[in-house]
Every structure is written in structure tokens, then in C-alpha cells.
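Beneath this line is the structure, given in C-alpha cells, with notes to follow.
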Amino acid sequence: MCQEGCSPMYCIVAPEMVNNILDSGTPRQKRWAERMKKKAERIRERREQKEMREEERKKRKEEKEKRREERQRRGTLDQLNRKVIDARNPARNRMEGGNTSEDEDVNSAYDFAGIIHEFFLKEFNRKSIDDAGMDLVATVHYREDDEEFYNAFWDEKETSLKYGEGDGSIFKSFARDLTIAAHEHVHGVIHYSGGLLYENQSGALNESICDVFASMILQYRNQEEARKASWVIGENILGKVVKGSTGVGLRSLRAPGTAYNHKRIGRDLQPAHMDGFIKTKEDFGGVHLNSGIPNHAFFLIANALGGNSWENAGKIWYNSLMTADDSLKTFKEWAGITIDQANKLPRNIRDTAVFSTEHAWKLVGVL
Ligand SMILES: [Zn+2]
């Protein structure tokens with residue numbers, strides 16, 4: 001059963017693409033798009049999405065602290081504990097340390113959760129998604145009301161990930177791409193870090209931070225330097241119908257607005273500059289589109305600094321997320337926090353980092 005909040009919030013596929021599939025997909029694809037759209041309308045109508053307000057944030061923090069203390073006492077705070085559930089066949093579930101499953105989506109989701117956990121632990125000393133050692137739970141072959149589901153999302157209510165299968169022609173399985181797994185995990189990290197309200201600029205920042213870390217985690221897995229990386233989200237997700245000359249993935253941090261262009265799914269409309277900022281009521285204020293602007297700012301900083309993106313640029317973003325004390329941040333406010341954090345880096349990199357961060361935000365028109 002689908003929880004009310006599961007889509008289209010925190011989903012990897014933008015509603016923009018869903019609209020195009022509704023216009024030009026096959027009957028099967030259209031049926032799915034129709035369901036996604038209805039759900040979006042329902043959520044929009046009844047949305048009193050102010051749960052990120054102070055009271056909720058305080059409660060979440062207190063609960064987390066309790067869990068942290070409990071795990072610290074038991075000595076399990078650093079431990080990785082994965083649970084991957086196969087919605088089609090429970091015999092193929094895989095628990096931490098268990099045998100390889102016969103299902104490739106299960107194994108893939110299991111391995112990705114391991115890489116993501118290691119990345120946050122080694123590079124940021126973060127103990128799992130909530131920084132309190134929580135289990136990493138994911139469901140693969142996820143369906144809604146027994147219907148196909150071409151998407152992946154962070155399920156805020158169940159605090160777990162759901163991966164749909166894709167239809168095979170537009171989308172391949174969502175559990176087979178590390179950037180998608182990472183993007184959805186980071187929605188969880190943001191959730192437990194004070195949150196960024198999922199609408200307008202704070203919502204676009206929420207989406208962007210997920211893409212930024214997703215890209216870094218892929219680079220970390222490949223041990224690839226910033227200047228050599230593709231900076232594409234969802235490279236493995238597009239099916240044979242749309243991949244190739246017309247598409248490299250779902251989003252590009254290097255060149256927002258160029259990731260795909262095909263009659264079935266439409267064109268990537270992400271702006272890379274404030275001049276192209278999209279004002280819309282759709283998608284909580286265009287959160288999957290306007291995220292292109294902070295995405296590109298991060299790309300520019302990481303490239304200017306060189307080396308591994310997660311070492312300096314990544315530190316600026318992570319520390320900014322940890323210190324942002326308000327869930328309604330604008331791009332400008334976020335830019336200010338990142339400059340403050342650049343200023344706290346070690347002396348040998350500090351001046352370059354501050355200059356590059358400020359310069360990047362100017363280049364994308366935020367400052
Ligand atoms: Zn998302």
C-alpha cells in the first residue's frame with residue numbers, strides 16, 4: 001500500500017517528465033503517468049506541508065539523540081545494517097551479512113547502501129542516514145496498488161527507500177543506479193539534519209543537495225577526480241528507447257538543461273542560472289527544475305578546487321547542511337552559509353575555497 005506522502009515528493013523522476021509521458025507514452029506508460037499525476041494533485045490539494053516547523057524539528061532531534069545514546073551504549077553506532085526487501089518474492093530478501101540474493105535488484109540495492117554508508121562514515125563521520133546508526137531499509141520491485149511504478153523515492157513515513165522497476169523501454173530498474181540510491185538516501189540525511197521544506201527555493205535546495213551528494217558518491221566509488229567526472233544523475237536509468245544521442249541521464253550538474261531530449265519524455269528544462277529561474281506551482285514550485293542552479297554552483301566550485309569533490313567542496317556542503325538552522329532557506333541564504341563554511345576550511349585551501357565559492361554563486365546569478 002502506498003502512503004500518502006510517497007509521491008511525487010522525494011521522487012527521482014520529475015513531474016515534468018511525467019507530463020510528457022502522459023502526452024506521448026505507450027498506453028502502458030500513460031497509465032502509470034496518469035496515476036502519478038492524480039496522486040500529485042491529491043497531495044497538492046490537501047497539503048499542509050509545514051511539518052518541518054520548529055516543533056517537529058525539535059521532536060525529531062530528541063528522538064534521534066535517544067537512539068544515538070542507545071546504540072552508543074550497545075556499541076553498534078558505526079555498524080552497517082542493511083535490509084533489502086523484494087516486494088515480489090520475500091524468499092529473495094537480503095539482510096546484513098546474508099547470502100547473495102537470486103534477484104539482481106536486491107543485490108544492487110544492498111551493495112549501493114553499503115557504499116553510501118561507507119562514504120558518509122569515512123568522509124564525514126556520519127553514522128548512517130540519521131547519524132544515529134539507523135538500519136538502511138529498502139524495498140525493490142516496489143509497486144503501488146499492484147501497479148507498475150517507474151520511480152524511486154525516500155519514504156519519509158517508513159524511513160526507508162522504495163525502488164520501482166521501470167518499464168524496460170523508457171526506464172530501466174531504479175535499483176541499478178548508484179546515483180539514484182544515493183539521491184534518495186540523502187533525502188533521508190536532510191530529513192534528519194533539520195530538513196529543508198520541500199517547496200520553492202528550499203525545496204529546490206533539498207533536491208539539489210541530493211543530486212550533489214549523489215554525484216560525489218559515484219565519484220567516490222569510482223575514485224574519480226571532480227574534473228574528470230560526468231556529473232550526470234541517473235546515467236544507467238534511461239532505457240534503450242531514450243538513451244543515446246538524445247539522452248545521457250536524468251540531470252546534469254555540469255550542464256543543467258542538457259541531460260535528455262526525446263519526444264517520449266520531453267526535454268531537460270533545468271536552468272543553470274537565476275535568469276532562467278522557473279516560477280511555477282507545479283512540482284512544489286519547480287523543485288526538480290530550479291535545483292539546476294545550486295547544482296551547477298556546486299559543480300563550478302568542485303571544478304575550481306580540483307582533486308576529489310568530496311574533500312573540499314563536499315565538506316563545505318555537508319557542514320553547511322549541518323549548520324543550516326532553518327528549513328526555509330533561500331538560494332541566497334544557502335550561498336551565504338557555504339561561504340562561511342568555506343572560510344572554516346584548513347588554511348592551505350581556505351582563501352581559494354572562499355573565492356571559488358563566492359565566484360560560483362555569482363556565475364549562476366545567485367549573488
Ligand atoms: Zn529527490
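By order of appearance in the C-alpha cells: chains A, B, ..., then residues from 1 within every chain, and ligands from 1 in the order shown.
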
Out of region 115-318 of chain A, which residues get strand (DSSP E) from DSSP, as a compact mmCIF listing (two decimals) with C-alpha atoms, in the first residue's frame?
```txt
# COMPACT_ATOMS: atom_id res chain seq x y z
CA LEU A 136 19.17 1.02 5.97
CA VAL A 137 15.92 -0.44 4.69
CA ALA A 138 14.95 -0.60 1.04
CA THR A 139 12.23 -2.27 -1.00
CA VAL A 140 12.90 -3.26 -4.61
CA ALA A 152 12.27 5.72 -6.72
CA PHE A 153 11.68 7.71 -3.56
CA TRP A 154 12.55 8.24 0.07
CA ASP A 155 9.53 7.20 2.12
CA SER A 160 13.05 3.64 4.00
CA LEU A 161 13.72 3.64 0.27
CA LYS A 162 11.43 2.33 -2.44
CA TYR A 163 12.70 1.39 -5.88
CA VAL A 232 25.27 13.07 -14.53
CA ILE A 233 22.49 11.73 -12.32
CA ARG A 251 20.08 15.53 -14.82
CA SER A 252 23.49 17.06 -15.45
CA ASN A 261 15.69 15.41 -25.17
CA HIS A 262 13.29 12.88 -26.61
CA GLY A 266 10.39 15.74 -23.32
CA ARG A 267 13.40 17.94 -22.85
```

Exercise for review: Residues within 6 Å of ligand 1 should be enumerated using only C-alpha atoms and all ligand atoms and returned as a count of residues only.
Suggested key: 4

**Study point:** Which residue of A:Glu156, A:Glu118, A:Glu282, A:Glu147 approaches Trp32 (chain A) most closely, using only C-alpha atoms
**Key:**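 Among the listed residues, the smallest separation from Trp32 (chain A) belongs to A:Glu147.
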
For the structure I just gave you, how does DSSP split region 296-361 of chain A - specifically, which residues are helix (DSSP H, G or I)? Reply as a short mmCIF file (atom, residue, chain, number, x, y, z; two decimals) with N, CA and C atoms, in the first residue's frame.
```
data_model
loop_
_atom_site.label_atom_id
_atom_site.label_comp_id
_atom_site.auth_asym_id
_atom_site.auth_seq_id
_atom_site.Cartn_x
_atom_site.Cartn_y
_atom_site.Cartn_z
N HIS A 296 24.63 23.50 -10.36
CA HIS A 296 25.72 24.00 -11.20
C HIS A 296 26.74 24.78 -10.37
N ALA A 297 26.24 25.50 -9.35
CA ALA A 297 27.17 26.23 -8.48
C ALA A 297 28.14 25.24 -7.82
N PHE A 298 27.62 24.12 -7.35
CA PHE A 298 28.49 23.14 -6.70
C PHE A 298 29.50 22.59 -7.70
N PHE A 299 29.03 22.27 -8.89
CA PHE A 299 29.92 21.76 -9.94
C PHE A 299 31.07 22.74 -10.18
N LEU A 300 30.74 24.03 -10.27
CA LEU A 300 31.77 25.05 -10.54
C LEU A 300 32.80 25.11 -9.41
N ILE A 301 32.33 25.01 -8.18
CA ILE A 301 33.25 25.07 -7.02
C ILE A 301 34.17 23.85 -7.02
N ALA A 302 33.57 22.67 -7.19
CA ALA A 302 34.36 21.43 -7.16
C ALA A 302 35.40 21.43 -8.27
N ASN A 303 35.03 21.96 -9.43
CA ASN A 303 35.97 22.01 -10.55
C ASN A 303 37.06 23.04 -10.32
N ALA A 304 36.68 24.16 -9.74
CA ALA A 304 37.68 25.20 -9.47
C ALA A 304 38.70 24.68 -8.46
N LEU A 305 38.23 23.94 -7.45
CA LEU A 305 39.15 23.46 -6.41
C LEU A 305 39.96 22.25 -6.86
N ALA A 313 34.94 20.80 -1.58
CA ALA A 313 33.59 21.28 -1.92
C ALA A 313 32.56 20.48 -1.12
N GLY A 314 32.76 19.18 -1.03
CA GLY A 314 31.82 18.32 -0.30
C GLY A 314 31.75 18.69 1.17
N LYS A 315 32.90 19.02 1.72
CA LYS A 315 32.93 19.41 3.13
C LYS A 315 32.15 20.71 3.34
N ILE A 316 32.29 21.63 2.42
CA ILE A 316 31.55 22.90 2.53
C ILE A 316 30.05 22.61 2.55
N TRP A 317 29.61 21.75 1.63
CA TRP A 317 28.16 21.47 1.53
C TRP A 317 27.67 20.70 2.75
N TYR A 318 28.44 19.72 3.18
CA TYR A 318 28.00 18.91 4.33
C TYR A 318 27.92 19.78 5.58
N ASN A 319 28.97 20.55 5.82
CA ASN A 319 28.97 21.40 7.03
C ASN A 319 27.89 22.46 6.96
N SER A 320 27.59 22.93 5.76
CA SER A 320 26.50 23.90 5.60
C SER A 320 25.17 23.26 5.99
N LEU A 321 24.98 22.04 5.53
CA LEU A 321 23.73 21.34 5.86
C LEU A 321 23.61 21.11 7.37
N MET A 322 24.75 20.83 8.00
CA MET A 322 24.72 20.57 9.44
C MET A 322 24.48 21.86 10.25
N THR A 323 24.82 22.99 9.66
CA THR A 323 24.66 24.23 10.45
C THR A 323 23.43 25.04 10.05
N PHE A 331 18.11 30.38 -1.87
CA PHE A 331 19.41 30.15 -2.51
C PHE A 331 20.46 31.13 -1.94
N LYS A 332 20.04 32.38 -1.79
CA LYS A 332 20.98 33.41 -1.34
C LYS A 332 21.47 33.11 0.08
N GLU A 333 20.53 32.71 0.94
CA GLU A 333 20.92 32.40 2.33
C GLU A 333 21.86 31.19 2.36
N TRP A 334 21.52 30.19 1.53
CA TRP A 334 22.36 29.00 1.46
C TRP A 334 23.76 29.37 0.95
N ALA A 335 23.81 30.23 -0.06
CA ALA A 335 25.11 30.67 -0.60
C ALA A 335 25.94 31.30 0.51
N GLY A 336 25.28 32.11 1.34
CA GLY A 336 25.98 32.76 2.45
C GLY A 336 26.55 31.73 3.42
N ILE A 337 25.77 30.71 3.73
CA ILE A 337 26.25 29.67 4.65
C ILE A 337 27.45 28.94 4.05
N THR A 338 27.39 28.65 2.74
CA THR A 338 28.50 27.91 2.13
C THR A 338 29.79 28.75 2.15
N ILE A 339 29.65 30.06 1.97
CA ILE A 339 30.86 30.92 2.02
C ILE A 339 31.43 30.91 3.44
N ASP A 340 30.55 30.99 4.44
CA ASP A 340 31.02 30.90 5.84
C ASP A 340 31.76 29.59 6.08
N GLN A 341 31.22 28.51 5.54
CA GLN A 341 31.84 27.21 5.76
C GLN A 341 33.16 27.07 4.99
N ALA A 342 33.21 27.68 3.80
CA ALA A 342 34.48 27.66 3.04
C ALA A 342 35.57 28.35 3.86
N ARG A 347 43.75 26.22 6.51
CA ARG A 347 44.34 27.45 5.98
C ARG A 347 44.88 27.30 4.55
N ASN A 348 45.45 26.15 4.23
CA ASN A 348 46.07 26.00 2.91
C ASN A 348 45.08 26.08 1.76
N ILE A 349 43.81 25.88 2.03
CA ILE A 349 42.81 25.89 0.95
C ILE A 349 41.79 27.02 1.15
N ARG A 350 41.78 27.59 2.34
CA ARG A 350 40.69 28.50 2.72
C ARG A 350 40.43 29.64 1.73
N ASP A 351 41.48 30.39 1.39
CA ASP A 351 41.28 31.58 0.55
C ASP A 351 40.74 31.19 -0.82
N THR A 352 41.32 30.14 -1.40
CA THR A 352 40.86 29.67 -2.71
C THR A 352 39.41 29.21 -2.62
N ALA A 353 39.08 28.51 -1.53
CA ALA A 353 37.73 27.98 -1.38
C ALA A 353 36.71 29.11 -1.25
N VAL A 354 37.05 30.12 -0.45
CA VAL A 354 36.12 31.25 -0.27
C VAL A 354 35.93 31.96 -1.61
N PHE A 355 37.04 32.21 -2.30
CA PHE A 355 36.95 32.91 -3.58
C PHE A 355 36.10 32.09 -4.58
N SER A 356 36.41 30.79 -4.69
CA SER A 356 35.72 29.94 -5.67
C SER A 356 34.23 29.82 -5.35
N THR A 357 33.91 29.75 -4.06
CA THR A 357 32.50 29.60 -3.68
C THR A 357 31.73 30.87 -4.02
N GLU A 358 32.30 31.99 -3.64
CA GLU A 358 31.65 33.27 -3.93
C GLU A 358 31.50 33.47 -5.44
N HIS A 359 32.57 33.15 -6.15
CA HIS A 359 32.59 33.34 -7.60
C HIS A 359 31.52 32.46 -8.27
N ALA A 360 31.41 31.22 -7.81
CA ALA A 360 30.44 30.29 -8.42
C ALA A 360 29.00 30.80 -8.23
N TRP A 361 28.71 31.28 -7.04
CA TRP A 361 27.36 31.79 -6.80
C TRP A 361 27.07 33.04 -7.63
#
```

Study note, to complete from the structure: If you count only C-alpha atoms, the residue of A:Glu225, A:Asp211, A:Asp23, A:Glu69 closest to Trp310 (chain A) turns out to be A:Glu225

Review point. Val287 (chain A): which residues within 7 Å, counting only C-alpha atoms, same-chain residues fewer than 6 positions away excluded, as a list of chain:residue names?
Key: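 So the residues in contact are A:Glu199, A:Asn200, A:Gly203, A:Ala204, A:Glu207.
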
Quick one: everything within 8 Å of Phe213 (chain A), counting only C-alpha atoms, minus sequence neighbours fewer than 5 positions away in the same chain. Send it as a PDB file with N, CA and C atoms, in the first residue's frame.
```pdb
ATOM      1  N   ALA A 182      21.793   6.928  -3.984  1.00  0.00           N
ATOM      2  CA  ALA A 182      22.414   7.959  -3.139  1.00  0.00           C
ATOM      3  C   ALA A 182      21.494   9.168  -3.006  1.00  0.00           C
ATOM      4  N   HIS A 183      20.911   9.586  -4.114  1.00  0.00           N
ATOM      5  CA  HIS A 183      19.991  10.743  -4.068  1.00  0.00           C
ATOM      6  C   HIS A 183      18.898  10.495  -3.026  1.00  0.00           C
ATOM      7  N   VAL A 186      20.048  10.575   0.570  1.00  0.00           N
ATOM      8  CA  VAL A 186      20.355  11.926   1.052  1.00  0.00           C
ATOM      9  C   VAL A 186      19.066  12.683   1.421  1.00  0.00           C
ATOM     10  N   GLY A 314      32.760  19.178  -1.032  1.00  0.00           N
ATOM     11  CA  GLY A 314      31.821  18.318  -0.297  1.00  0.00           C
ATOM     12  C   GLY A 314      31.746  18.688   1.170  1.00  0.00           C
TER      13      GLY A 314
END
```
